[in-house]
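Shown here: target25.csv, CSV, C-alpha atoms.
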```csv
chain,number,residue,atom,x,y,z
B,1,MET,CA,5.6,-39.0,32.2
B,2,LYS,CA,4.7,-35.8,34.1
B,3,HIS,CA,1.4,-34.8,32.5
B,4,PRO,CA,-1.8,-36.6,33.5
B,5,THR,CA,-3.0,-36.8,29.9
B,6,SER,CA,0.2,-38.7,28.9
B,7,ARG,CA,-0.1,-41.1,31.8
B,8,MET,CA,-3.8,-41.8,31.1
B,9,LEU,CA,-3.3,-42.3,27.4
B,10,HIS,CA,-0.3,-44.6,28.0
B,11,SER,CA,-2.4,-46.6,30.5
B,12,TYR,CA,-5.2,-46.9,28.0
B,13,TRP,CA,-2.8,-47.9,25.2
B,14,ASP,CA,-1.1,-50.4,27.4
B,15,ARG,CA,-4.4,-52.0,28.4
B,16,LEU,CA,-5.5,-52.3,24.8
B,17,ARG,CA,-2.3,-54.0,23.6
B,18,ARG,CA,-2.7,-57.0,26.0
B,19,GLY,CA,1.0,-57.9,25.9
B,20,ARG,CA,1.5,-57.2,22.2
B,21,ALA,CA,3.9,-54.6,20.9
B,22,ALA,CA,1.0,-52.3,19.9
B,23,PRO,CA,-2.8,-52.4,19.7
B,24,GLU,CA,-4.7,-52.1,16.4
B,25,ARG,CA,-5.9,-48.7,15.3
B,26,SER,CA,-9.4,-50.1,15.1
B,27,GLU,CA,-9.4,-51.0,18.8
B,28,ILE,CA,-9.3,-47.4,19.8
B,29,GLU,CA,-12.7,-46.4,21.2
B,30,PRO,CA,-12.9,-42.6,21.4
B,31,GLY,CA,-15.7,-42.8,24.0
B,32,GLU,CA,-13.3,-44.5,26.4
B,33,ILE,CA,-10.8,-41.6,26.3
B,34,ARG,CA,-13.3,-38.8,25.8
B,35,ASN,CA,-11.5,-36.7,28.4
B,36,LEU,CA,-8.2,-37.0,26.5
B,37,LEU,CA,-9.4,-36.4,22.9
B,38,ALA,CA,-8.9,-32.6,22.9
B,39,ASP,CA,-5.1,-33.1,23.5
B,40,SER,CA,-4.8,-36.3,21.4
B,41,MET,CA,-3.7,-36.9,17.8
B,42,ILE,CA,-3.2,-39.7,15.3
B,43,LEU,CA,-0.3,-39.6,12.8
B,44,GLU,CA,0.0,-41.5,9.6
B,45,VAL,CA,3.6,-42.7,8.9
B,46,ASP,CA,5.2,-42.9,5.5
B,47,VAL,CA,8.5,-44.7,6.1
B,48,PRO,CA,10.0,-44.5,2.6
B,49,ARG,CA,9.5,-40.7,2.6
B,50,ARG,CA,10.6,-40.4,6.2
B,51,ALA,CA,7.5,-38.4,6.9
B,52,ALA,CA,4.4,-38.3,9.1
B,53,THR,CA,1.1,-36.6,8.5
B,54,VAL,CA,-1.5,-35.6,11.1
B,55,ARG,CA,-4.7,-37.7,10.5
B,56,LEU,CA,-6.6,-36.4,13.5
B,57,ALA,CA,-5.9,-33.7,16.0
B,58,GLY,CA,-7.9,-32.6,19.0
B,59,THR,CA,-9.3,-29.1,19.5
B,60,HIS,CA,-6.7,-28.1,22.1
B,61,VAL,CA,-3.8,-29.3,19.8
B,62,CYS,CA,-5.3,-27.3,16.9
B,63,ALA,CA,-5.8,-24.3,19.2
B,64,LEU,CA,-2.1,-24.3,20.1
B,65,PHE,CA,-1.2,-23.8,16.4
B,66,GLY,CA,-4.2,-21.6,15.6
B,67,ARG,CA,-5.4,-23.8,12.7
B,68,GLU,CA,-6.8,-27.2,11.7
B,69,LEU,CA,-4.0,-29.6,11.6
B,70,LYS,CA,-5.6,-32.5,9.7
B,71,GLY,CA,-3.5,-33.3,6.6
B,72,ARG,CA,-0.5,-31.2,7.8
B,73,ALA,CA,3.0,-32.6,7.9
B,74,PHE,CA,4.1,-33.3,11.5
B,75,ALA,CA,7.5,-31.8,10.7
B,76,ASP,CA,5.8,-28.5,9.8
B,77,LEU,CA,4.6,-28.0,13.3
B,78,TRP,CA,8.2,-27.6,14.5
B,79,GLY,CA,8.5,-24.4,12.4
B,80,ALA,CA,12.3,-24.7,11.8
B,81,PRO,CA,14.0,-26.2,8.8
B,82,GLU,CA,16.8,-27.6,11.0
B,83,ALA,CA,14.3,-29.4,13.3
B,84,ASP,CA,14.1,-33.1,12.5
B,85,PRO,CA,11.2,-34.7,14.4
B,86,TRP,CA,11.6,-37.8,12.2
B,87,ARG,CA,13.9,-39.4,14.8
B,88,LEU,CA,10.9,-39.4,17.2
B,89,ILE,CA,8.7,-41.0,14.6
B,90,GLU,CA,11.4,-43.5,13.6
B,91,THR,CA,11.8,-44.7,17.2
B,92,VAL,CA,8.0,-45.2,17.6
B,93,ALA,CA,7.3,-46.7,14.2
B,94,LEU,CA,10.3,-48.8,13.4
B,95,ASP,CA,11.4,-49.8,16.9
B,96,THR,CA,7.8,-50.1,18.2
B,97,LEU,CA,8.5,-48.2,21.3
B,98,GLY,CA,6.7,-45.2,22.9
B,99,ILE,CA,8.4,-41.9,23.6
B,100,VAL,CA,7.8,-38.9,25.8
B,101,ALA,CA,9.4,-35.6,24.9
B,102,GLY,CA,9.5,-32.3,26.7
B,103,LEU,CA,8.9,-29.4,24.2
B,104,ARG,CA,9.3,-25.7,24.4
B,105,ALA,CA,6.6,-23.9,22.3
B,106,SER,CA,7.2,-20.4,21.1
B,107,THR,CA,4.9,-17.8,19.5
B,108,ALA,CA,5.9,-15.1,17.1
B,109,GLU,CA,5.6,-12.6,19.9
B,110,GLY,CA,8.2,-14.5,21.9
B,111,THR,CA,5.9,-16.0,24.6
B,112,VAL,CA,6.6,-19.6,25.5
B,113,ALA,CA,5.0,-22.6,27.0
B,114,ASP,CA,6.3,-26.0,28.1
B,115,LEU,CA,4.5,-29.0,26.5
B,116,GLU,CA,4.7,-32.8,26.9
B,117,LEU,CA,4.5,-35.0,23.8
B,118,ILE,CA,3.7,-38.7,24.0
B,119,LEU,CA,3.8,-40.9,20.9
B,120,LEU,CA,2.8,-44.6,21.0
B,121,PRO,CA,2.8,-47.2,18.2
B,122,LEU,CA,-0.4,-48.5,16.7
B,123,ARG,CA,-0.9,-51.4,14.3
B,124,HIS,CA,-3.0,-50.6,11.2
B,125,GLN,CA,-4.1,-53.4,8.9
B,126,GLY,CA,-1.4,-55.6,10.5
B,127,GLN,CA,1.4,-53.1,10.1
B,128,THR,CA,3.2,-51.5,13.0
B,129,GLN,CA,4.8,-48.8,10.9
B,130,ALA,CA,1.6,-47.1,9.7
B,131,ARG,CA,0.0,-45.2,12.6
B,132,ILE,CA,0.9,-43.5,15.8
B,133,LEU,CA,-1.3,-42.4,18.7
B,134,GLY,CA,-0.2,-39.3,20.6
B,135,ALA,CA,-1.0,-36.4,22.8
B,136,LEU,CA,0.4,-32.9,23.1
B,137,SER,CA,-0.4,-31.2,26.4
B,138,PRO,CA,0.8,-27.9,28.0
B,139,HIS,CA,2.0,-28.3,31.6
B,140,CYS,CA,0.1,-25.1,32.4
B,141,VAL,CA,-2.6,-23.8,30.0
B,142,PRO,CA,-1.2,-20.5,28.6
B,143,SER,CA,-3.4,-17.4,28.7
B,144,TRP,CA,-2.7,-16.9,25.0
B,145,LEU,CA,-4.0,-20.3,23.9
B,146,GLY,CA,-6.2,-19.8,20.8
B,147,LEU,CA,-5.0,-16.2,20.4
B,148,ARG,CA,-1.3,-16.5,19.6
B,149,PRO,CA,-0.4,-19.5,17.6
B,150,VAL,CA,2.7,-21.6,18.3
B,151,VAL,CA,5.2,-21.1,15.4
B,152,ARG,CA,8.1,-23.1,16.8
B,153,LEU,CA,8.7,-26.3,18.8
B,154,GLN,CA,12.0,-27.2,20.4
B,155,ALA,CA,12.7,-30.5,22.1
B,156,THR,CA,14.1,-30.1,25.6
B,157,SER,CA,14.1,-33.7,26.8
B,158,LEU,CA,13.4,-37.2,25.5
B,159,ARG,CA,12.6,-40.5,27.1
B,160,VAL,CA,12.1,-43.8,25.3
B,161,LEU,CA,9.4,-45.9,27.0
B,162,GLN,CA,10.8,-49.5,26.9
B,163,ASP,CA,8.6,-52.4,27.7
B,164,PRO,CA,9.6,-53.1,31.4
B,165,VAL,CA,9.1,-56.9,31.0
B,166,ALA,CA,10.8,-58.6,28.1
B,167,ALA,CA,9.1,-61.5,26.5
B,168,GLY,CA,9.6,-64.6,28.8
B,169,ASP,CA,10.9,-62.6,31.7
B,170,ALA,CA,9.0,-62.9,35.0
B,171,ALA,CA,10.0,-59.5,36.3
B,172,ALA,CA,11.7,-56.3,35.2
B,173,THR,CA,15.2,-55.3,36.3
B,174,LEU,CA,16.5,-51.8,36.8
B,175,GLU,CA,18.3,-52.1,33.5
B,176,ASP,CA,14.9,-52.5,31.7
B,177,LEU,CA,13.3,-49.4,33.1
B,178,PRO,CA,13.1,-46.2,30.9
B,179,VAL,CA,16.2,-44.0,31.0
B,180,PRO,CA,16.1,-40.4,29.7
B,181,ALA,CA,18.0,-40.4,26.3
B,182,ASN,CA,19.9,-37.3,27.3
B,183,ASP,CA,21.3,-38.7,30.5
B,184,ALA,CA,24.9,-39.7,30.9
B,185,ALA,CA,25.6,-43.4,31.0
B,186,PRO,CA,24.7,-44.8,34.4
B,187,LEU,CA,27.2,-46.6,36.7
B,188,ARG,CA,26.5,-50.0,38.2
B,189,ARG,CA,26.7,-50.3,42.0
B,190,GLY,CA,25.6,-53.8,42.8
B,191,HIS,CA,22.0,-54.2,41.8
B,192,LEU,CA,21.5,-50.4,41.3
B,193,LEU,CA,22.2,-48.1,38.5
B,194,VAL,CA,23.6,-44.7,39.6
B,195,HIS,CA,23.0,-41.7,37.3
B,196,PRO,CA,25.6,-38.8,37.5
B,197,GLY,CA,24.0,-35.6,38.8
B,198,GLY,CA,24.3,-32.7,41.2
B,199,ARG,CA,23.7,-32.9,44.9
B,200,THR,CA,20.4,-31.8,46.3
```
What would you get if you wrote out this structure as structure tokens?
Amino acid sequence: MKHPTSRMLHSYWDRLRRGRAAPERSEIEPGEIRNLLADSMILEVDVPRRAATVRLAGTHVCALFGRELKGRAFADLWGAPEADPWRLIETVALDTLGIVAGLRASTAEGTVADLELILLPLRHQGQTQARILGALSPHCVPSWLGLRPVVRLQATSLRVLQDPVAAGDAAATLEDLPVPANDAAPLRRGHLLVHPGGRT
């Protein structure tokens, strides 16, 4: 997680869940995350239809797209029929795991901005496949925010946030820590995992 909003929202969510896979939707207190609300959203998940709908979206998120997003399909925000954000929703809702994705946002004029998306599972009326808490934040606030709406999103990176301590384990090992989904398979060197990459 690179963006402060993502880190703070994850920290709040992690504190609320108190060792559970996910906190209840009713446990979210907007006043406790007032500084994050403008970049935050809540999605409603419909597993049989493989779809998610925006239930709530903060003012900054709506400004990115130049319209109110409540009631809109999450997939519509991506602006491309070939885009399939359901795999992100599926990981969060069905596997009860958080994700962080790097996104490239484009306007009709061709201007771009880099965003960070975090999605975290929420329980709703006892179900872990019904709601998702998230945030969508630009790394640098673009000068055109609110003037030129985003018409296309493209994922540039994806990280699954695995729970670092499995149930019953006293400590996390390196294998348990999050690994970017687009990385090559790491090699084991003793107690370390080595990821292929260039020299610096």
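Compared by their closest atoms to Pro142 (chain B), and using only C-alpha atoms, the residues B:Leu64, B:Leu122, B:Ala93, B:Leu161 rank with B:Leu64 nearest.
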Once you count only C-alpha atoms, which residues end up no further than 9 Å from (6.3, -21.6, 18.8) in the file's frame, shown as a PyMOL selection string?
-> chain B and resi 64-65+77-79+104-108+110-113+149-154
Please provide the set of residues having any atom within 10 Å of Asn35 (chain B), restricted to only C-alpha atoms, with same-chain residues fewer than 6 positions apart removed, written as a ChimeraX atom specification.
-> /B:5,8-9
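Across the model, the gap from CA of Leu133 (chain B) to CA of Val92 (chain B) is 9.8 Å.
For the set B:Thr96, B:Gly146, B:Ser26, B:Leu16, the residue with the smallest atom-to-atom gap to Gly66 (chain B) is B:Gly146, counting all atoms listed in the file.
Coordinates place CA of Arg55 (chain B) at a distance of 11.0 Å from CA of Ser40 (chain B).
Using only C-alpha atoms, the nearest neighbour of Leu88 (chain B) within the list B:Ala38, B:Leu120, B:Ala57, B:Ala63 is B:Leu120.
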Go ahead and compute the interatomic distance for CA of Glu44 (chain B) and CA of Ile132 (chain B), in Å to one decimal.
->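 Distance between the two atoms: 6.6 Å.
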Which polymer residues have any atom within 7 Å of an atom of region 123-130 of chain B, counting all atoms listed in the file, with same-chain residues fewer than 3 positions away left out, as a VMD selection string?
-> chain B and resid 22 to 25 44 to 46 93 to 94
Write out as an MDAnalysis selection string which residues come within 12 Å of Ile33 (chain B) when counting all atoms listed in the file, dropping same-chain ones fewer than 2 positions away.
-> chainID B and resid 5:6 8:13 28:31 35:40 58 135
Kindly list the centre and edge lengths in Å, rounded to one decimal, for the axis-aligned box that covers all listed atoms of region 113-127 of chain B plus 6 Å on each of its six sides, as AutoDock Vina command-line options.
```
--center_x 1.1 --center_y -39.1 --center_z 18.5 --size_x 22.4 --size_y 45.0 --size_z 31.2
```
